[in-house]
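Peer 1: Below: one structure in structure tokens.
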Amino acid sequence: MNTETHEACIVCRKHRGEIVVPGGPIYEDELIFVSHAQLWGEETDKYLGHLFVEPKRHVAELGDLTEAEAQALGLHVSRVSRALMRTLGVEHVYAFVIGDGAPHVHVHVIGRYPGAPREYWGPRVDDWPEAPRGEEREIEQVAERIRTFLQNEYG
């Protein structure tokens with residue numbers, strides 16, 4: 001199991017269970033960790049359907065992934081995109097890496113709900129005030145729906 005981590009890295013801390021993720025890991029194996037975005041700081045609710053797909057090994061840049069990590073990352077981005085469409089009814093899925101906030105590769109996978117005004121498409125999709133939002137309980141329910149879909153579809 002490839003578990004190289006950095007002690008202070010927030011993503012590595014999440015993988016080690018030091019940071020509680022509402023709904024727990026949606027998917028996890030020796031290379032990949034998938035979870036729903038969690039509440040931070042003063043947030044009282046979160047955009048439902050904002051997932052993270054991350055390599056388990058601490059790596060800051062996409063170009064530093066091993067071939068196996070890159071393949072697993074891409075496969076799981078595709079699978080959770082399908083899960084968002086089928087379980088939450090989103091009409092489009094965005095996937096992007098910014099990497100400025102945490103120096104550990106994490107792909108944001110975010111569904112766009114029907115009716116989202118065009119000014120909230122793309123990186124502002126989760127700013128839409130009428131989008132489905134939830135607290136820990138709702139995040140846990142979404143995580144469970146996606147987890148169940150993945151287990152039923154891919155074993």
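Identifiers in this document derive from the order of the structure tokens: chains are assigned A, B, ..., residues are numbered from 1 separately in each chain, and ligands are numbered from 1 in order of occurrence.
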Show which residues sit within 12 Å of Gln151 (chain A), as a VMD selection string. Count only C-alpha atoms, and ignore same-chain residues fewer than 3 positions away.

Peer 2: chain A and resid 26 to 28 79 to 80 83 144 to 148 154 to 155

Peer 1: Leaving out Ala131 (chain A) and any residue of its chain fewer than 2 positions from it, which residues lie within 10 Å of it when counting only C-alpha atoms, given as number ranges by chain?

Peer 2: A: 46-48, 112-116, 120, 125-129, 133-134

Peer 1: Selected residues, N, CA and C atoms, written as a PDB file, in the first residue's frame, please.

Peer 2:
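Final output, out_10.pdb:
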```
ATOM      1  N   LYS A  46     -23.633  23.100   2.835  1.00  0.00           N
ATOM      2  CA  LYS A  46     -22.697  22.842   1.739  1.00  0.00           C
ATOM      3  C   LYS A  46     -23.485  22.492   0.482  1.00  0.00           C
ATOM      4  N   TYR A  47     -22.958  22.866  -0.659  1.00  0.00           N
ATOM      5  CA  TYR A  47     -23.523  22.485  -1.953  1.00  0.00           C
ATOM      6  C   TYR A  47     -23.501  20.961  -2.027  1.00  0.00           C
ATOM      7  N   LEU A  48     -24.653  20.356  -2.243  1.00  0.00           N
ATOM      8  CA  LEU A  48     -24.732  18.893  -2.303  1.00  0.00           C
ATOM      9  C   LEU A  48     -24.333  18.411  -3.692  1.00  0.00           C
ATOM     10  N   ARG A 112     -23.935  20.092 -11.859  1.00  0.00           N
ATOM     11  CA  ARG A 112     -24.786  21.280 -12.052  1.00  0.00           C
ATOM     12  C   ARG A 112     -26.234  20.810 -12.145  1.00  0.00           C
ATOM     13  N   TYR A 113     -27.066  21.364 -11.291  1.00  0.00           N
ATOM     14  CA  TYR A 113     -28.468  20.982 -11.233  1.00  0.00           C
ATOM     15  C   TYR A 113     -29.277  21.671 -12.328  1.00  0.00           C
ATOM     16  N   PRO A 114     -30.353  21.001 -12.790  1.00  0.00           N
ATOM     17  CA  PRO A 114     -31.247  21.639 -13.763  1.00  0.00           C
ATOM     18  C   PRO A 114     -31.768  22.969 -13.207  1.00  0.00           C
ATOM     19  N   GLY A 115     -31.852  23.947 -14.070  1.00  0.00           N
ATOM     20  CA  GLY A 115     -32.372  25.249 -13.674  1.00  0.00           C
ATOM     21  C   GLY A 115     -31.317  26.234 -13.212  1.00  0.00           C
ATOM     22  N   ALA A 116     -30.074  25.797 -13.104  1.00  0.00           N
ATOM     23  CA  ALA A 116     -29.018  26.718 -12.680  1.00  0.00           C
ATOM     24  C   ALA A 116     -28.849  27.801 -13.745  1.00  0.00           C
ATOM     25  N   TYR A 120     -24.163  31.008 -13.160  1.00  0.00           N
ATOM     26  CA  TYR A 120     -23.640  30.100 -12.136  1.00  0.00           C
ATOM     27  C   TYR A 120     -23.083  28.817 -12.736  1.00  0.00           C
ATOM     28  N   VAL A 125     -20.648  27.339 -10.003  1.00  0.00           N
ATOM     29  CA  VAL A 125     -21.851  26.521  -9.877  1.00  0.00           C
ATOM     30  C   VAL A 125     -22.311  26.391  -8.431  1.00  0.00           C
ATOM     31  N   ASP A 126     -21.381  26.307  -7.500  1.00  0.00           N
ATOM     32  CA  ASP A 126     -21.792  26.128  -6.101  1.00  0.00           C
ATOM     33  C   ASP A 126     -22.144  27.448  -5.403  1.00  0.00           C
ATOM     34  N   ASP A 127     -22.079  28.561  -6.133  1.00  0.00           N
ATOM     35  CA  ASP A 127     -22.524  29.853  -5.585  1.00  0.00           C
ATOM     36  C   ASP A 127     -24.017  30.093  -5.818  1.00  0.00           C
ATOM     37  N   TRP A 128     -24.652  29.275  -6.643  1.00  0.00           N
ATOM     38  CA  TRP A 128     -26.069  29.447  -6.956  1.00  0.00           C
ATOM     39  C   TRP A 128     -26.884  29.357  -5.669  1.00  0.00           C
ATOM     40  N   PRO A 129     -27.563  30.433  -5.277  1.00  0.00           N
ATOM     41  CA  PRO A 129     -28.278  30.445  -3.993  1.00  0.00           C
ATOM     42  C   PRO A 129     -29.418  29.427  -3.901  1.00  0.00           C
ATOM     43  N   ARG A 133     -28.584  22.436  -0.968  1.00  0.00           N
ATOM     44  CA  ARG A 133     -27.541  22.565   0.042  1.00  0.00           C
ATOM     45  C   ARG A 133     -27.958  21.746   1.245  1.00  0.00           C
ATOM     46  N   GLY A 134     -26.989  21.407   2.061  1.00  0.00           N
ATOM     47  CA  GLY A 134     -27.329  20.634   3.244  1.00  0.00           C
ATOM     48  C   GLY A 134     -26.258  20.699   4.299  1.00  0.00           C
TER      49      GLY A 134
END
```

Peer 1: Might you pull out every residue within 12 Å of Gly74 (chain A), with only C-alpha atoms counted and same-chain residues fewer than 6 positions away left off, and present them as a compact mmCIF listing (two decimals) with N, CA and C atoms, in the first residue's frame?

Peer 2:
```
# COMPACT_ATOMS: atom_id res chain seq x y z
N LEU A 31 -5.00 3.36 -3.73
CA LEU A 31 -4.55 4.51 -4.51
C LEU A 31 -5.43 5.75 -4.38
N ILE A 32 -6.73 5.58 -4.16
CA ILE A 32 -7.70 6.66 -4.32
C ILE A 32 -8.59 6.81 -3.09
N VAL A 53 -11.94 13.71 -5.53
CA VAL A 53 -11.26 12.46 -5.88
C VAL A 53 -9.77 12.76 -5.72
N GLU A 54 -9.12 12.00 -4.85
CA GLU A 54 -7.73 12.32 -4.46
C GLU A 54 -6.85 11.07 -4.48
N PRO A 55 -5.59 11.22 -4.88
CA PRO A 55 -4.67 10.10 -4.71
C PRO A 55 -4.34 9.99 -3.22
N LEU A 62 -0.45 17.13 -10.79
CA LEU A 62 -0.93 16.04 -11.64
C LEU A 62 0.22 15.33 -12.36
N LEU A 65 1.93 12.31 -10.60
CA LEU A 65 1.25 11.05 -10.34
C LEU A 65 1.95 9.92 -11.07
N GLU A 67 1.72 6.40 -13.20
CA GLU A 67 0.76 6.01 -14.23
C GLU A 67 -0.46 5.33 -13.59
N ALA A 68 -0.23 4.47 -12.62
CA ALA A 68 -1.34 3.77 -11.96
C ALA A 68 -2.24 4.76 -11.22
N VAL A 80 -17.64 8.69 -10.51
CA VAL A 80 -18.45 9.54 -9.61
C VAL A 80 -19.25 10.56 -10.40
N SER A 81 -18.76 10.95 -11.58
CA SER A 81 -19.55 11.82 -12.46
C SER A 81 -20.84 11.12 -12.86
N ALA A 95 -15.29 18.93 -13.63
CA ALA A 95 -14.15 18.34 -12.92
C ALA A 95 -12.97 19.28 -13.14
N PHE A 96 -12.34 19.69 -12.04
CA PHE A 96 -11.21 20.60 -12.16
C PHE A 96 -10.26 20.46 -10.98
N HIS A 106 -6.18 17.14 -5.73
CA HIS A 106 -7.58 16.80 -5.43
C HIS A 106 -8.43 17.34 -6.56
N VAL A 107 -9.17 16.43 -7.19
CA VAL A 107 -10.04 16.81 -8.29
C VAL A 107 -11.40 17.14 -7.71
N VAL A 109 -15.15 17.44 -8.28
CA VAL A 109 -16.16 16.91 -9.20
C VAL A 109 -17.50 17.44 -8.70
```

Peer 1: Name all residues at most 10 Å from Cys9 (chain A) (count only C-alpha atoms; drop same-chain ones fewer than 2 positions away) and give them as a JSON list (two decimals) with N, CA and C atoms, in the first residue's frame.

Peer 2:
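Written file, out01.json:
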```json
[["chain", "number", "residue", "atom", "x", "y", "z"],
["A", 5, "THR", "N", 2.77, 10.18, 3.11],
["A", 5, "THR", "CA", 1.95, 11.33, 3.49],
["A", 5, "THR", "C", 2.83, 12.43, 4.06],
["A", 6, "HIS", "N", 2.24, 13.56, 4.23],
["A", 6, "HIS", "CA", 2.89, 14.67, 4.90],
["A", 6, "HIS", "C", 2.05, 15.00, 6.12],
["A", 7, "GLU", "N", 2.70, 15.12, 7.25],
["A", 7, "GLU", "CA", 2.00, 15.28, 8.52],
["A", 7, "GLU", "C", 1.02, 16.44, 8.56],
["A", 11, "VAL", "N", -5.24, 17.17, 3.31],
["A", 11, "VAL", "CA", -5.78, 16.03, 2.57],
["A", 11, "VAL", "C", -5.26, 14.73, 3.16],
["A", 12, "CYS", "N", -3.97, 14.67, 3.46],
["A", 12, "CYS", "CA", -3.40, 13.47, 4.09],
["A", 12, "CYS", "C", -4.03, 13.23, 5.46],
["A", 13, "ARG", "N", -4.27, 14.31, 6.20],
["A", 13, "ARG", "CA", -4.92, 14.18, 7.51],
["A", 13, "ARG", "C", -6.32, 13.59, 7.36],
["A", 14, "LYS", "N", -7.03, 13.99, 6.33],
["A", 14, "LYS", "CA", -8.36, 13.43, 6.06],
["A", 14, "LYS", "C", -8.24, 11.93, 5.78],
["A", 15, "HIS", "N", -7.26, 11.53, 4.96],
["A", 15, "HIS", "CA", -7.08, 10.13, 4.62],
["A", 15, "HIS", "C", -6.73, 9.30, 5.85],
["A", 58, "HIS", "N", 0.75, 11.44, -1.04],
["A", 58, "HIS", "CA", 0.91, 12.89, -1.07],
["A", 58, "HIS", "C", 1.68, 13.28, -2.33],
["A", 102, "ALA", "N", -4.44, 23.55, -1.09],
["A", 102, "ALA", "CA", -3.79, 22.40, -0.46],
["A", 102, "ALA", "C", -2.85, 21.77, -1.49],
["A", 103, "PRO", "N", -1.56, 21.66, -1.15],
["A", 103, "PRO", "CA", -0.59, 21.12, -2.10],
["A", 103, "PRO", "C", -0.65, 19.59, -2.19],
["A", 104, "HIS", "N", -1.84, 19.08, -2.45],
["A", 104, "HIS", "CA", -2.08, 17.64, -2.62],
["A", 104, "HIS", "C", -3.15, 17.55, -3.70]]
```

Peer 1: Between CA of Leu150 (chain A) and CA of Asp64 (chain A), what is the spacing in Å?

Peer 2: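 Taking CA of Asp64 (chain A) as the start and CA of Leu150 (chain A) as the end point, the length is 27.2 Å.
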
Peer 1: Would you please work out which residue, of A:Asp100, A:Glu130, A:Asp45, A:Glu30, is nearest to Arg57 (chain A) when using only C-alpha atoms?

Peer 2: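 Checking each candidate against Arg57 (chain A), we get A:Glu30 as the closest.
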
Peer 1: When you draw a straight line from CA of Gln71 (chain A) to CA of Ala8 (chain A), how long is it in Å?

Peer 2: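 Straight-line distance from CA of Gln71 (chain A) to CA of Ala8 (chain A) works out to 26.6 Å.
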